[in-house]
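Quick look at data-v6.cif (mmCIF, C-alpha atoms and all ligand atoms):
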data_my_file
#
loop_
_atom_site.label_atom_id
_atom_site.label_comp_id
_atom_site.auth_asym_id
_atom_site.auth_seq_id
_atom_site.Cartn_x
_atom_site.Cartn_y
_atom_site.Cartn_z
CA MET A 1 0.41 -37.02 10.31
CA ILE A 2 1.93 -34.92 13.10
CA ASP A 3 4.56 -32.17 12.69
CA MET A 4 6.65 -30.37 15.32
CA ASN A 5 7.18 -26.61 15.37
CA GLU A 6 10.27 -24.71 16.59
CA ASP A 7 8.98 -24.70 20.18
CA GLY A 8 8.71 -28.47 20.18
CA ASN A 9 4.89 -28.42 20.12
CA THR A 10 3.17 -30.91 17.87
CA ARG A 11 0.37 -30.10 15.44
CA PRO A 12 -1.58 -32.07 12.85
CA VAL A 13 -0.39 -31.71 9.27
CA ASP A 14 -3.04 -31.15 6.62
CA ALA A 15 -3.41 -29.45 3.25
CA ARG A 16 -3.21 -25.85 4.49
CA SER A 17 -0.35 -23.63 3.28
CA ARG A 18 -0.12 -21.66 6.56
CA LYS A 19 0.23 -18.54 4.35
CA ILE A 20 -2.21 -15.65 4.60
CA ALA A 21 -2.80 -12.32 2.88
CA ILE A 22 -4.94 -9.56 4.39
CA VAL A 23 -6.93 -7.52 1.87
CA CYS A 24 -9.24 -4.55 1.91
CA HIS A 25 -12.88 -5.48 1.71
CA CYS A 26 -13.64 -4.36 -1.85
CA LEU A 27 -10.95 -6.59 -3.38
CA LEU A 28 -13.35 -9.44 -2.62
CA ASN A 29 -16.52 -7.41 -3.06
CA ALA A 30 -16.56 -4.50 -5.52
CA ASN A 31 -20.14 -3.86 -4.44
CA SER A 32 -18.86 -2.05 -1.36
CA LYS A 33 -17.27 0.74 -3.41
CA VAL A 34 -18.74 4.21 -3.83
CA GLU A 35 -21.42 3.91 -6.54
CA GLY A 36 -19.93 4.71 -9.94
CA LEU A 37 -16.35 3.81 -9.02
CA ALA A 38 -16.18 0.01 -9.43
CA VAL A 39 -13.92 -1.12 -12.30
CA TYR A 40 -14.50 -4.89 -11.86
CA ALA A 41 -17.70 -6.82 -11.26
CA GLY A 42 -17.16 -8.59 -7.97
CA ILE A 43 -13.77 -10.07 -7.06
CA HIS A 44 -10.49 -8.45 -8.09
CA PRO A 45 -8.15 -10.61 -10.26
CA LEU A 46 -5.47 -10.35 -7.55
CA ILE A 47 -7.50 -12.77 -5.45
CA ALA A 48 -7.30 -15.49 -8.11
CA GLU A 49 -3.51 -15.00 -8.19
CA LEU A 50 -3.36 -15.48 -4.43
CA ALA A 51 -5.67 -18.50 -4.59
CA SER A 52 -3.57 -20.17 -7.30
CA ARG A 53 -0.57 -19.89 -4.96
CA GLY A 54 -2.43 -21.53 -2.08
CA ILE A 55 -2.57 -18.33 -0.03
CA GLY A 56 -5.52 -17.83 2.29
CA VAL A 57 -7.19 -14.41 2.36
CA ILE A 58 -8.53 -12.39 5.29
CA GLN A 59 -11.09 -9.84 4.10
CA MET A 60 -11.18 -6.81 6.39
CA PRO A 61 -14.45 -4.88 6.83
CA CYS A 62 -15.08 -1.81 4.64
CA PRO A 63 -14.84 1.18 7.01
CA GLU A 64 -16.64 3.61 4.68
CA MET A 65 -19.55 1.21 4.23
CA GLY A 66 -19.69 0.74 7.99
CA ALA A 67 -19.67 4.45 8.74
CA CYS A 68 -21.61 5.92 5.81
CA GLY A 69 -23.51 3.13 4.04
CA MET A 70 -23.96 2.44 0.34
CA GLN A 71 -25.25 5.84 -0.72
CA ARG A 72 -22.19 7.71 0.47
CA PRO A 73 -20.58 10.22 -1.89
CA GLY A 74 -16.90 10.10 -2.77
CA ARG A 75 -14.93 11.98 -0.13
CA THR A 76 -11.35 13.12 0.44
CA ARG A 77 -9.07 11.90 3.21
CA ALA A 78 -9.49 15.24 4.99
CA GLN A 79 -13.26 14.76 4.95
CA TYR A 80 -12.83 11.35 6.61
CA GLU A 81 -10.56 12.72 9.33
CA TYR A 82 -13.32 13.14 11.88
CA PRO A 83 -13.21 11.50 15.31
CA ALA A 84 -15.93 8.87 14.86
CA PHE A 85 -14.40 7.58 11.62
CA ILE A 86 -10.87 7.58 13.05
CA GLU A 87 -12.19 5.64 16.06
CA LEU A 88 -14.00 3.14 13.81
CA CYS A 89 -10.81 2.53 11.82
CA ALA A 90 -8.82 2.10 15.04
CA ARG A 91 -11.37 -0.46 16.26
CA LEU A 92 -11.28 -2.39 12.99
CA ALA A 93 -7.48 -2.30 12.98
CA ASP A 94 -7.45 -3.67 16.54
CA GLU A 95 -9.62 -6.61 15.39
CA THR A 96 -7.20 -7.33 12.54
CA LEU A 97 -4.28 -7.05 14.96
CA THR A 98 -5.88 -9.65 17.23
CA GLN A 99 -6.19 -12.08 14.33
CA VAL A 100 -2.62 -11.47 13.16
CA ARG A 101 -1.20 -12.06 16.64
CA GLU A 102 -3.07 -15.32 17.03
CA TYR A 103 -2.04 -16.66 13.62
CA GLN A 104 1.58 -15.63 14.19
CA ARG A 105 1.53 -17.25 17.62
CA CYS A 106 0.55 -20.49 15.89
CA ASP A 107 3.28 -20.29 13.22
CA TYR A 108 1.26 -18.93 10.31
CA GLU A 109 2.98 -16.61 7.86
CA PHE A 110 1.52 -13.34 6.59
CA VAL A 111 2.62 -12.48 3.07
CA GLY A 112 1.31 -8.93 3.54
CA LEU A 113 -1.66 -6.59 3.45
CA VAL A 114 -3.12 -5.15 0.23
CA GLY A 115 -4.88 -1.79 0.07
CA VAL A 116 -6.32 0.32 -2.73
CA ALA A 117 -4.37 3.26 -4.14
CA GLY A 118 -6.12 6.61 -3.94
CA SER A 119 -8.67 5.55 -1.36
CA PRO A 120 -9.04 8.04 1.51
CA SER A 121 -9.44 5.03 3.80
CA CYS A 122 -7.42 2.23 2.21
CA GLY A 123 -4.64 3.91 0.23
CA VAL A 124 -1.11 2.75 1.15
CA SER A 125 1.40 5.05 -0.61
CA GLN A 126 -0.75 7.94 0.54
CA PRO A 127 -2.08 6.22 3.65
CA GLY A 128 -5.80 6.33 4.18
CA VAL A 129 -7.35 6.55 7.63
CA HIS A 130 -7.84 2.76 7.98
CA ILE A 131 -4.42 1.90 6.56
CA SER A 132 -2.69 4.41 8.86
CA ALA A 133 -4.22 2.66 11.87
CA LEU A 134 -3.19 -0.73 10.45
CA GLN A 135 0.37 0.37 9.69
CA ASN A 136 0.84 1.56 13.27
CA ARG A 137 -0.20 -1.84 14.57
CA LEU A 138 1.06 -4.31 11.97
CA GLU A 139 4.34 -2.96 10.61
CA PRO A 140 6.06 -3.66 13.97
CA LEU A 141 4.94 -7.29 13.51
CA GLY A 142 6.68 -7.47 10.14
CA ILE A 143 3.60 -7.18 7.94
CA CYS A 144 4.38 -5.52 4.59
CA PHE A 145 1.87 -3.29 2.81
CA ALA A 146 1.13 -3.09 -0.92
CA GLU A 147 -1.66 -1.56 -2.98
CA ILE A 148 -3.71 -2.25 -6.07
CA ASP A 149 -3.67 0.76 -8.42
CA GLU A 150 -6.88 0.72 -10.41
CA ASP A 151 -5.71 3.63 -12.57
CA ALA A 152 -2.68 1.72 -13.85
CA GLU A 153 -2.39 -0.89 -16.60
CA GLY A 154 -3.13 -4.29 -15.05
CA HIS A 155 -3.71 -2.52 -11.73
CA ARG A 156 -0.05 -3.28 -10.88
CA VAL A 157 -0.98 -6.80 -9.77
CA ASP A 158 2.53 -8.00 -10.68
CA GLU A 159 4.07 -5.34 -8.43
CA VAL A 160 1.80 -6.36 -5.58
CA LEU A 161 2.78 -10.03 -5.97
CA ARG A 162 6.45 -9.00 -5.94
CA ALA A 163 5.94 -6.85 -2.84
CA LEU A 164 4.33 -9.82 -1.11
CA ALA A 165 7.24 -12.02 -2.30
CA VAL A 166 4.83 -14.50 -3.92
CA ASP A 167 5.56 -13.66 -7.57
CA ALA A 168 7.40 -16.94 -8.34
S1 LIG B 201 -13.17 2.05 2.14
FE1 LIG B 201 -11.58 0.58 1.58
S2 LIG B 201 -12.62 -1.38 1.54
FE2 LIG B 201 -14.21 0.20 1.47
S3 LIG B 201 -14.58 0.46 -0.71
FE3 LIG B 201 -13.06 1.99 -0.11
S4 LIG B 201 -11.09 1.02 -0.57
FE4 LIG B 201 -12.61 -0.59 -0.53
#

Before we go any further, please render this structure as C-alpha cells.
Ligand code: SF4
Amino acid sequence: MIDMNEDGNTRPVDARSRKIAIVCHCLLNANSKVEGLAVYAGIHPLIAELASRGIGVIQMPCPEMGACGMQRPGRTRAQYEYPAFIELCARLADETLTQVREYQRCDYEFVGLVGVAGSPSCGVSQPGVHISALQNRLEPLGICFAEIDEDAEGHRVDEVLRALAVDA
C-alpha cells in the first residue's frame, strides 16, 4: 500500500507508528548508572508503557559512561562542568539533533525526550549538562522534555506519559 504525505510525496505504508520517544541511556540499561544507584534491574518500566503504545525509542549514549567509565564516583553538576565533558555532551546532542531533523523531514513525530531527575548530566527540571545541550538544540524543533523521578512513588511515570501526551 502507498500513502501520500502533505508534500505530495508517496511512501510505502507498513506497521510502523511513525511515533518516537528519545530517552536517556540508563532507562534502557540500568547497568550504565553509577554503581550503587540503580533502582531497577535493567529496563525502566516507562519503556514498556511506550512499547505498549507502539512508540519507538531512541536510546541516547550515556555521557558519564563515555567520559568516566563504569568505576566513576557520583558527582555534582558543578563537577561535570569542565570543558571536555561539556564538549562531549555538545557532540552527543548534535548527533541526536541530526537524527531528529531527518525523522522530522520524513514526517515522523517525536512525542518527547525523557531524562532522569537529579542527574548532573540528564536532569530536566534542574538541567544536567547533556540535557542543557539537548534543550538548546531540540526545543526550537518542538521537542518536549520530561523526566523520570526515581525518588518519587511510581517514579512519576504517569506524569511523564501525560507530558508526552501519550497517556490515553
Ligand atoms: S549520565 Fe544520564 S544516561 Fe548516564 S547513567 Fe546518568 S542519567 Fe543515565

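With CA of Tyr80 in chain A on one side and CA of Val129 in chain A on the other, the separation reads 7.4 Å.
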
- Query: Which residues, written as a list in words, have at least one atom at most 12 Å from Thr10 in chain A, with only C-alpha atoms counted and residues fewer than 4 positions away on the same chain left out?
  - Reply: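 In the requested form, the answer reads Met1, Ile2, Asp3, Met4, Asn5, Glu6, Cys106 and Asp107 of chain A.
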
- Query: What do you get as a PyMOL selection string if you pick all residues at most 9 Å from ligand LIG 201 (chain B), counting all atoms listed in the file?
  - Reply: chain A and resi 23-27+29-34+38+59-66+115-123+128+130-131

- Item | Counting only C-alpha atoms, the option among A:Ser17, A:Leu97, A:Tyr103, A:Gln126 closest to Pro140 in chain A |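 That would be A:Leu97, the residue with the smallest distance to Pro140 in chain A.
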
- From the list A:Ala67, A:Val160, A:Val124, A:Val100, the nearest residue to Pro83 in chain A using only C-alpha atoms is A:Ala67

- How far is it from CA of Leu141 in chain A to CA of Lys19 in chain A, in Å with one decimal?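 If I compute the distance from CA of Leu141 in chain A to CA of Lys19 in chain A, I get 15.3 Å.
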
- CA of Met70 in chain A to CA of Arg156 in chain A, distance in Å rounded to a single decimal: 27.0 Å

- Query: Smallest atom-to-atom distance to Ser125 in chain A: which of A:Val13, A:Ile148, A:Ala93, A:Leu138, using all atoms listed in the file?
  - Reply: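 Among the listed residues, A:Ile148 lies closest to Ser125 in chain A.
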